[in-house]
>>> print(open('start-v3.cif').read())   # mmCIF, N, CA and C atoms
data_upload
loop_
_atom_site.label_atom_id
_atom_site.label_comp_id
_atom_site.auth_asym_id
_atom_site.auth_seq_id
_atom_site.Cartn_x
_atom_site.Cartn_y
_atom_site.Cartn_z
N MET A 208 -4.13 -18.50 29.34
CA MET A 208 -3.39 -17.49 28.61
C MET A 208 -3.78 -16.13 29.19
N LYS A 209 -2.80 -15.31 29.39
CA LYS A 209 -3.06 -13.98 29.93
C LYS A 209 -3.68 -13.09 28.87
N THR A 210 -4.36 -12.08 29.30
CA THR A 210 -5.05 -11.16 28.41
C THR A 210 -4.08 -10.43 27.49
N GLU A 211 -2.95 -10.01 28.02
CA GLU A 211 -1.96 -9.29 27.23
C GLU A 211 -1.41 -10.17 26.09
N ALA A 212 -1.18 -11.43 26.40
CA ALA A 212 -0.66 -12.35 25.38
C ALA A 212 -1.71 -12.58 24.29
N LEU A 213 -2.96 -12.72 24.67
CA LEU A 213 -4.03 -12.93 23.70
C LEU A 213 -4.18 -11.71 22.80
N ILE A 214 -4.13 -10.52 23.37
CA ILE A 214 -4.24 -9.29 22.57
C ILE A 214 -3.06 -9.17 21.61
N THR A 215 -1.86 -9.48 22.08
CA THR A 215 -0.67 -9.41 21.22
C THR A 215 -0.76 -10.42 20.08
N MET A 216 -1.19 -11.65 20.39
CA MET A 216 -1.31 -12.67 19.37
C MET A 216 -2.37 -12.29 18.33
N LEU A 217 -3.52 -11.85 18.77
CA LEU A 217 -4.58 -11.48 17.84
C LEU A 217 -4.19 -10.27 16.99
N THR A 218 -3.46 -9.33 17.56
CA THR A 218 -2.98 -8.18 16.79
C THR A 218 -1.98 -8.61 15.72
N ALA A 219 -1.06 -9.48 16.09
CA ALA A 219 -0.06 -9.96 15.12
C ALA A 219 -0.72 -10.75 14.00
N VAL A 220 -1.61 -11.66 14.34
CA VAL A 220 -2.28 -12.47 13.34
C VAL A 220 -3.16 -11.60 12.45
N GLY A 221 -3.85 -10.64 13.04
CA GLY A 221 -4.70 -9.74 12.27
C GLY A 221 -3.90 -8.86 11.32
N THR A 222 -2.75 -8.37 11.77
CA THR A 222 -1.90 -7.53 10.93
C THR A 222 -1.35 -8.33 9.75
N VAL A 223 -0.85 -9.52 10.01
CA VAL A 223 -0.31 -10.35 8.93
C VAL A 223 -1.41 -10.72 7.93
N THR A 224 -2.59 -11.05 8.42
CA THR A 224 -3.70 -11.39 7.54
C THR A 224 -4.13 -10.20 6.70
N ALA A 225 -4.18 -9.02 7.29
CA ALA A 225 -4.58 -7.82 6.56
C ALA A 225 -3.57 -7.46 5.48
N VAL A 226 -2.28 -7.53 5.80
CA VAL A 226 -1.24 -7.21 4.82
C VAL A 226 -1.25 -8.24 3.68
N THR A 227 -1.41 -9.51 4.03
CA THR A 227 -1.48 -10.56 3.00
C THR A 227 -2.68 -10.35 2.09
N GLY A 228 -3.82 -10.03 2.66
CA GLY A 228 -5.02 -9.77 1.87
C GLY A 228 -4.86 -8.57 0.97
N TYR A 229 -4.21 -7.53 1.48
CA TYR A 229 -3.99 -6.32 0.68
C TYR A 229 -3.12 -6.62 -0.54
N PHE A 230 -2.05 -7.39 -0.34
CA PHE A 230 -1.16 -7.70 -1.46
C PHE A 230 -1.82 -8.66 -2.45
N PHE A 231 -2.64 -9.60 -1.97
CA PHE A 231 -3.40 -10.45 -2.88
C PHE A 231 -4.35 -9.60 -3.72
N TYR A 232 -4.99 -8.62 -3.09
CA TYR A 232 -5.88 -7.72 -3.82
C TYR A 232 -5.11 -6.96 -4.90
N LEU A 233 -3.93 -6.45 -4.56
CA LEU A 233 -3.13 -5.72 -5.55
C LEU A 233 -2.75 -6.60 -6.72
N VAL A 234 -2.33 -7.83 -6.44
CA VAL A 234 -1.92 -8.74 -7.51
C VAL A 234 -3.10 -9.09 -8.41
N LEU A 235 -4.25 -9.35 -7.82
CA LEU A 235 -5.39 -9.79 -8.61
C LEU A 235 -6.10 -8.65 -9.33
N SER A 236 -5.93 -7.41 -8.88
CA SER A 236 -6.63 -6.30 -9.51
C SER A 236 -5.77 -5.51 -10.50
N THR A 237 -4.48 -5.79 -10.56
CA THR A 237 -3.61 -5.09 -11.49
C THR A 237 -3.82 -5.65 -12.90
N PRO A 238 -4.08 -4.78 -13.89
CA PRO A 238 -4.27 -5.30 -15.24
C PRO A 238 -2.95 -5.84 -15.81
N PRO A 239 -3.02 -6.86 -16.65
CA PRO A 239 -1.79 -7.42 -17.21
C PRO A 239 -1.11 -6.43 -18.15
N LYS A 240 0.21 -6.53 -18.23
CA LYS A 240 0.97 -5.68 -19.15
C LYS A 240 0.75 -6.15 -20.58
N GLN A 241 0.72 -5.21 -21.49
CA GLN A 241 0.59 -5.54 -22.91
C GLN A 241 1.93 -6.08 -23.40
N GLU A 242 1.93 -7.27 -23.96
CA GLU A 242 3.16 -7.85 -24.47
C GLU A 242 3.47 -7.28 -25.85
N PRO A 243 4.74 -7.07 -26.14
CA PRO A 243 5.08 -6.54 -27.47
C PRO A 243 4.80 -7.57 -28.55
N ASP A 244 4.48 -7.07 -29.72
CA ASP A 244 4.22 -7.94 -30.86
C ASP A 244 5.55 -8.41 -31.42
N SER A 245 5.81 -9.70 -31.35
CA SER A 245 7.11 -10.21 -31.78
C SER A 245 7.27 -10.19 -33.30
N PHE A 246 6.16 -10.07 -34.04
CA PHE A 246 6.23 -10.05 -35.50
C PHE A 246 5.92 -8.66 -36.04
N GLU A 247 6.06 -7.65 -35.20
CA GLU A 247 5.73 -6.28 -35.60
C GLU A 247 6.57 -5.83 -36.80
N GLU A 248 7.86 -6.22 -36.82
CA GLU A 248 8.73 -5.80 -37.91
C GLU A 248 8.43 -6.58 -39.20
N ASN A 249 7.65 -7.67 -39.12
CA ASN A 249 7.33 -8.47 -40.30
C ASN A 249 5.94 -8.14 -40.87
N ASP A 250 5.28 -7.11 -40.37
CA ASP A 250 3.92 -6.82 -40.80
C ASP A 250 3.85 -6.45 -42.28
N ASP A 251 4.91 -5.85 -42.86
CA ASP A 251 4.89 -5.44 -44.26
C ASP A 251 5.13 -6.61 -45.21
N GLU A 252 5.74 -7.67 -44.72
CA GLU A 252 6.10 -8.80 -45.58
C GLU A 252 4.90 -9.73 -45.74
N LEU A 253 4.68 -10.20 -46.97
CA LEU A 253 3.57 -11.10 -47.22
C LEU A 253 3.93 -12.54 -46.94
N VAL A 254 5.20 -12.91 -47.17
CA VAL A 254 5.64 -14.29 -46.98
C VAL A 254 6.75 -14.27 -45.94
N ARG A 255 6.63 -15.18 -44.98
CA ARG A 255 7.67 -15.26 -43.95
C ARG A 255 8.83 -16.09 -44.46
N LYS A 256 10.01 -15.72 -44.03
CA LYS A 256 11.22 -16.44 -44.42
C LYS A 256 11.47 -17.54 -43.40
N ASN A 257 11.83 -18.72 -43.86
CA ASN A 257 12.19 -19.81 -42.96
C ASN A 257 13.66 -19.69 -42.64
N ASP A 258 13.97 -19.68 -41.35
CA ASP A 258 15.36 -19.57 -40.93
C ASP A 258 15.97 -20.93 -40.69
#
>>> encode(input="start-v3.cif", output="structure tokens")
Amino acid sequence: MKTEALITMLTAVGTVTAVTGYFFYLVLSTPPKQEPDSFEENDDELVRKND
């Protein structure tokens, strides 16, 4: 394998690996969104109604 081809291959593989690692880091370090309380409007009621 020629030197130029090896440098090109290692650069491409390194770039793809770095970008993939960066996005994995973003996904794993982002805090989860707070989900809305589905029973928020029923907080005043003592007994739930069966539908």
>>> axis_aligned_box(input="start-v3.cif", around="stretch 215-225 of chain A", padding_each_side="3 Å", output="lines of an AutoDock Vina configuration file")
center_x = -2.4
center_y = -10.1
center_z = 13.8
size_x = 10.6
size_y = 11.2
size_z = 22.6
>>> atom_distance(input="start-v3.cif", atom1="atom CA of A:Pro238", atom2="atom CA of A:Thr222")
26.4 Å
>>> atom_distance(input="start-v3.cif", atom1="atom CA of A:Ile214", atom2="atom CA of A:Thr227")
19.8 Å
>>> atom_distance(input="start-v3.cif", atom1="atom CA of A:Val223", atom2="atom CA of A:Pro239")
26.3 Å
